[in-house]
Amino acid sequence: MSAELGALGPIVERKRREVARIACGRGAIWAKAELLPQGRGFEALRGGRVIAELKRRSPSGGALRPGLEVGRVAADYAAAGAAAISVLTDAGAFGGSPADLEAVRAVVTTPVLRKDFTVDPVQIAEARALGADWVLLIVAVLGGGLLDGCLEATRRAGAHALVEVHDEAELERALTAGAECVGINNRDLRTLRTDLGTFTRLRPRVPAGVVCVAESGVRSAGDVRRLVGEGADAVLVGEALMRHPDPGALCAELVAAAADASAQRA
């Protein structure tokens with residue numbers, strides 16, 4: 001599995017070790033999650049929307065915004081019209097932490113996605129306990145019956161899963177497992193290179209009733225217009241926002257581009 005994941009292999013192995021350390025508290029984590037009300041669903045993503053992301057660095061982009069104030073920028077995103085906020089909570093590769101998610105949850109009412117590498121259902125309970133409405137499930141990481149198990153855990157925790165795919169076989173697995181929201185990632189896991197053509201190729205295979213998100217490689221309003229025009233219900237943008245001097249202003253520009261492309265598509 002590690003070799004198949006390419007550059008992400010070492011990250012996933014590290015994540016398994018991290019999860020093992022919280023296993024002793026599994027019962028308490030689930031108890032906290034199950035006391036919370038149901039998280040927000042994906043209704044907010046219909047009609048050409050933007051998911052704005054927060055991260056300090058990435059394996060492909062290096063340092064992006066080391067001094068990121070997640071609460072302040074999240075509030076700017078919400079004011080700019082972002083439909084949801086994505087928060088990287090992985091420390092080793094992205095410089096994030098669970099505290100970042102809690103800080104964002106404290107200042108926005110929009111849905112919040114915990115972006116991390118889920119390798120065990122307890123992480124889903126942890127995400128909900130921290131305030132996440134949505135969790136990321138990467139099909140390439142979840143072999144065997146683990147994808148089904150994590151989707152069941154998502155329902156148990158009162159959360160919702162954005163199920164990420166990179167090719168036709170992964171998309172088929174996601175749909176067979178019953179994914180309600182599919183994220184088509186334009187980044188190749190082995191090389192970390194992006195190609196928006198990945199979305200173009202896979203989008204027609206996603207049924208009408210499944211929410212479809214375009215992920216990675218979005219650098220401009222033109223990219224947002226292209227992806228929404230090709231059928232994206234929402235576009236997730238991270239690196240471009242983090243590198244911009246005013247992430248909130250760029251977010252507003254991308255939100256407007258998505259709305260314009262959606263209107264033209266209609």
# chains A, B, ... in the order shown; residues from 1 in each chain; ligands from 1
>>> select_by_dssp(residues="range 28-231 of chain A", states="strand (DSSP E)", output="ChimeraX atom specification")
/A:49-54,57-58,62-63,84-88,112-115,134-138,160-165,181-185,211-215
>>> residues_around(residues="Ala177 in chain A", least_positions_apart="5", cutoff="8 Å", atoms="only C-alpha atoms", output="number ranges by chain")
A: 147-148, 151
>>> write_last_selection(atoms="N, CA and C atoms", output="PDB file, in the first residue's frame")
ATOM      1  N   LEU A 147     -12.902   1.333   3.769  1.00  0.00           N
ATOM      2  CA  LEU A 147     -13.733   2.426   3.264  1.00  0.00           C
ATOM      3  C   LEU A 147     -15.168   2.271   3.758  1.00  0.00           C
ATOM      4  N   ASP A 148     -15.715   1.072   3.640  1.00  0.00           N
ATOM      5  CA  ASP A 148     -17.071   0.825   4.134  1.00  0.00           C
ATOM      6  C   ASP A 148     -17.162   1.081   5.639  1.00  0.00           C
ATOM      7  N   LEU A 151     -17.166   4.817   6.306  1.00  0.00           N
ATOM      8  CA  LEU A 151     -18.446   5.443   5.958  1.00  0.00           C
ATOM      9  C   LEU A 151     -19.494   5.138   7.026  1.00  0.00           C
TER      10      LEU A 151
END
>>> residues_around(residues="range 112-125 of chain A", least_positions_apart="4", cutoff="6 Å", atoms="only C-alpha atoms", output="number ranges by chain")
A: 30, 33, 84-90, 132-136, 150, 153, 157
>>> residues_around(residues="Leu54 in chain A", least_positions_apart="5", cutoff="10 Å", atoms="only C-alpha atoms", output="MDAnalysis selection string")
chainID A and resid 64:65 68:71 73:74 77 85:89 94 96 100:101 104 115 237:239 241:242 247
>>> write_last_selection(atoms="N, CA and C atoms", output="mmCIF file, in the first residue's frame")
data_model
loop_
_atom_site.group_PDB
_atom_site.id
_atom_site.type_symbol
_atom_site.label_atom_id
_atom_site.label_comp_id
_atom_site.auth_asym_id
_atom_site.auth_seq_id
_atom_site.Cartn_x
_atom_site.Cartn_y
_atom_site.Cartn_z
ATOM 1 N N LEU A 64 3.757 27.661 2.710
ATOM 2 C CA LEU A 64 2.743 28.480 2.050
ATOM 3 C C LEU A 64 2.414 29.731 2.861
ATOM 4 N N ARG A 65 2.144 29.533 4.153
ATOM 5 C CA ARG A 65 1.783 30.657 5.031
ATOM 6 C C ARG A 65 2.119 30.262 6.467
ATOM 7 N N LEU A 68 0.126 31.620 9.544
ATOM 8 C CA LEU A 68 -1.320 31.616 9.338
ATOM 9 C C LEU A 68 -2.099 31.751 10.648
ATOM 10 N N GLU A 69 -2.999 32.724 10.684
ATOM 11 C CA GLU A 69 -3.950 32.882 11.790
ATOM 12 C C GLU A 69 -5.267 32.285 11.315
ATOM 13 N N VAL A 70 -5.506 31.036 11.672
ATOM 14 C CA VAL A 70 -6.614 30.310 11.060
ATOM 15 C C VAL A 70 -7.971 30.947 11.347
ATOM 16 N N GLY A 71 -8.188 31.414 12.564
ATOM 17 C CA GLY A 71 -9.469 32.011 12.891
ATOM 18 C C GLY A 71 -9.763 33.256 12.075
ATOM 19 N N VAL A 73 -8.433 34.249 9.144
ATOM 20 C CA VAL A 73 -8.599 33.984 7.712
ATOM 21 C C VAL A 73 -9.900 33.221 7.450
ATOM 22 N N ALA A 74 -10.269 32.304 8.348
ATOM 23 C CA ALA A 74 -11.533 31.594 8.192
ATOM 24 C C ALA A 74 -12.713 32.566 8.201
ATOM 25 N N TYR A 77 -12.825 34.223 4.886
ATOM 26 C CA TYR A 77 -13.400 33.310 3.887
ATOM 27 C C TYR A 77 -14.932 33.309 3.970
ATOM 28 N N ILE A 85 -15.360 25.650 4.876
ATOM 29 C CA ILE A 85 -13.953 25.870 5.188
ATOM 30 C C ILE A 85 -13.287 24.515 5.395
ATOM 31 N N SER A 86 -12.185 24.287 4.701
ATOM 32 C CA SER A 86 -11.394 23.069 4.856
ATOM 33 C C SER A 86 -10.178 23.385 5.719
ATOM 34 N N VAL A 87 -9.935 22.545 6.734
ATOM 35 C CA VAL A 87 -8.843 22.788 7.681
ATOM 36 C C VAL A 87 -7.905 21.587 7.700
ATOM 37 N N LEU A 88 -6.643 21.810 7.325
ATOM 38 C CA LEU A 88 -5.632 20.763 7.415
ATOM 39 C C LEU A 88 -5.207 20.615 8.871
ATOM 40 N N THR A 89 -5.411 19.426 9.433
ATOM 41 C CA THR A 89 -5.041 19.224 10.829
ATOM 42 C C THR A 89 -3.806 18.348 10.992
ATOM 43 N N PHE A 94 1.707 19.259 6.984
ATOM 44 C CA PHE A 94 0.970 20.482 6.662
ATOM 45 C C PHE A 94 1.042 21.558 7.741
ATOM 46 N N GLY A 96 -0.477 21.665 10.576
ATOM 47 C CA GLY A 96 -1.754 21.913 11.224
ATOM 48 C C GLY A 96 -1.874 21.219 12.559
ATOM 49 N N ASP A 100 -6.433 23.949 15.356
ATOM 50 C CA ASP A 100 -6.809 24.803 14.231
ATOM 51 C C ASP A 100 -8.282 24.619 13.886
ATOM 52 N N LEU A 101 -8.723 23.372 13.880
ATOM 53 C CA LEU A 101 -10.124 23.106 13.560
ATOM 54 C C LEU A 101 -11.045 23.714 14.609
ATOM 55 N N VAL A 104 -11.336 27.442 14.074
ATOM 56 C CA VAL A 104 -12.206 27.786 12.940
ATOM 57 C C VAL A 104 -13.667 27.591 13.312
ATOM 58 N N LYS A 115 -9.590 18.104 7.038
ATOM 59 C CA LYS A 115 -8.757 17.543 5.980
ATOM 60 C C LYS A 115 -7.559 16.868 6.655
ATOM 61 N N VAL A 237 -10.195 25.051 -2.997
ATOM 62 C CA VAL A 237 -8.996 25.836 -3.310
ATOM 63 C C VAL A 237 -8.183 26.048 -2.045
ATOM 64 N N GLY A 238 -6.895 25.746 -2.108
ATOM 65 C CA GLY A 238 -6.052 25.916 -0.939
ATOM 66 C C GLY A 238 -4.802 26.728 -1.202
ATOM 67 N N GLU A 239 -3.884 26.175 -1.985
ATOM 68 C CA GLU A 239 -2.573 26.790 -2.150
ATOM 69 C C GLU A 239 -2.657 28.207 -2.706
ATOM 70 N N LEU A 241 -4.972 30.409 -2.411
ATOM 71 C CA LEU A 241 -5.440 31.317 -1.362
ATOM 72 C C LEU A 241 -4.355 31.583 -0.331
ATOM 73 N N MET A 242 -3.640 30.534 0.049
ATOM 74 C CA MET A 242 -2.616 30.684 1.079
ATOM 75 C C MET A 242 -1.426 31.517 0.607
ATOM 76 N N PRO A 247 -6.042 36.570 1.289
ATOM 77 C CA PRO A 247 -6.826 35.377 0.958
ATOM 78 C C PRO A 247 -8.327 35.640 0.865
#
>>> residues_around(residues="Glu34 in chain A", least_positions_apart="3", cutoff="9 Å", atoms="only C-alpha atoms", output="VMD selection string")
chain A and resid 29 to 31 37 to 38 125 128 to 129 156 to 158
>>> atom_distance(atom1="CA of Arg17 in chain A", atom2="CA of Val141 in chain A")
14.6 Å
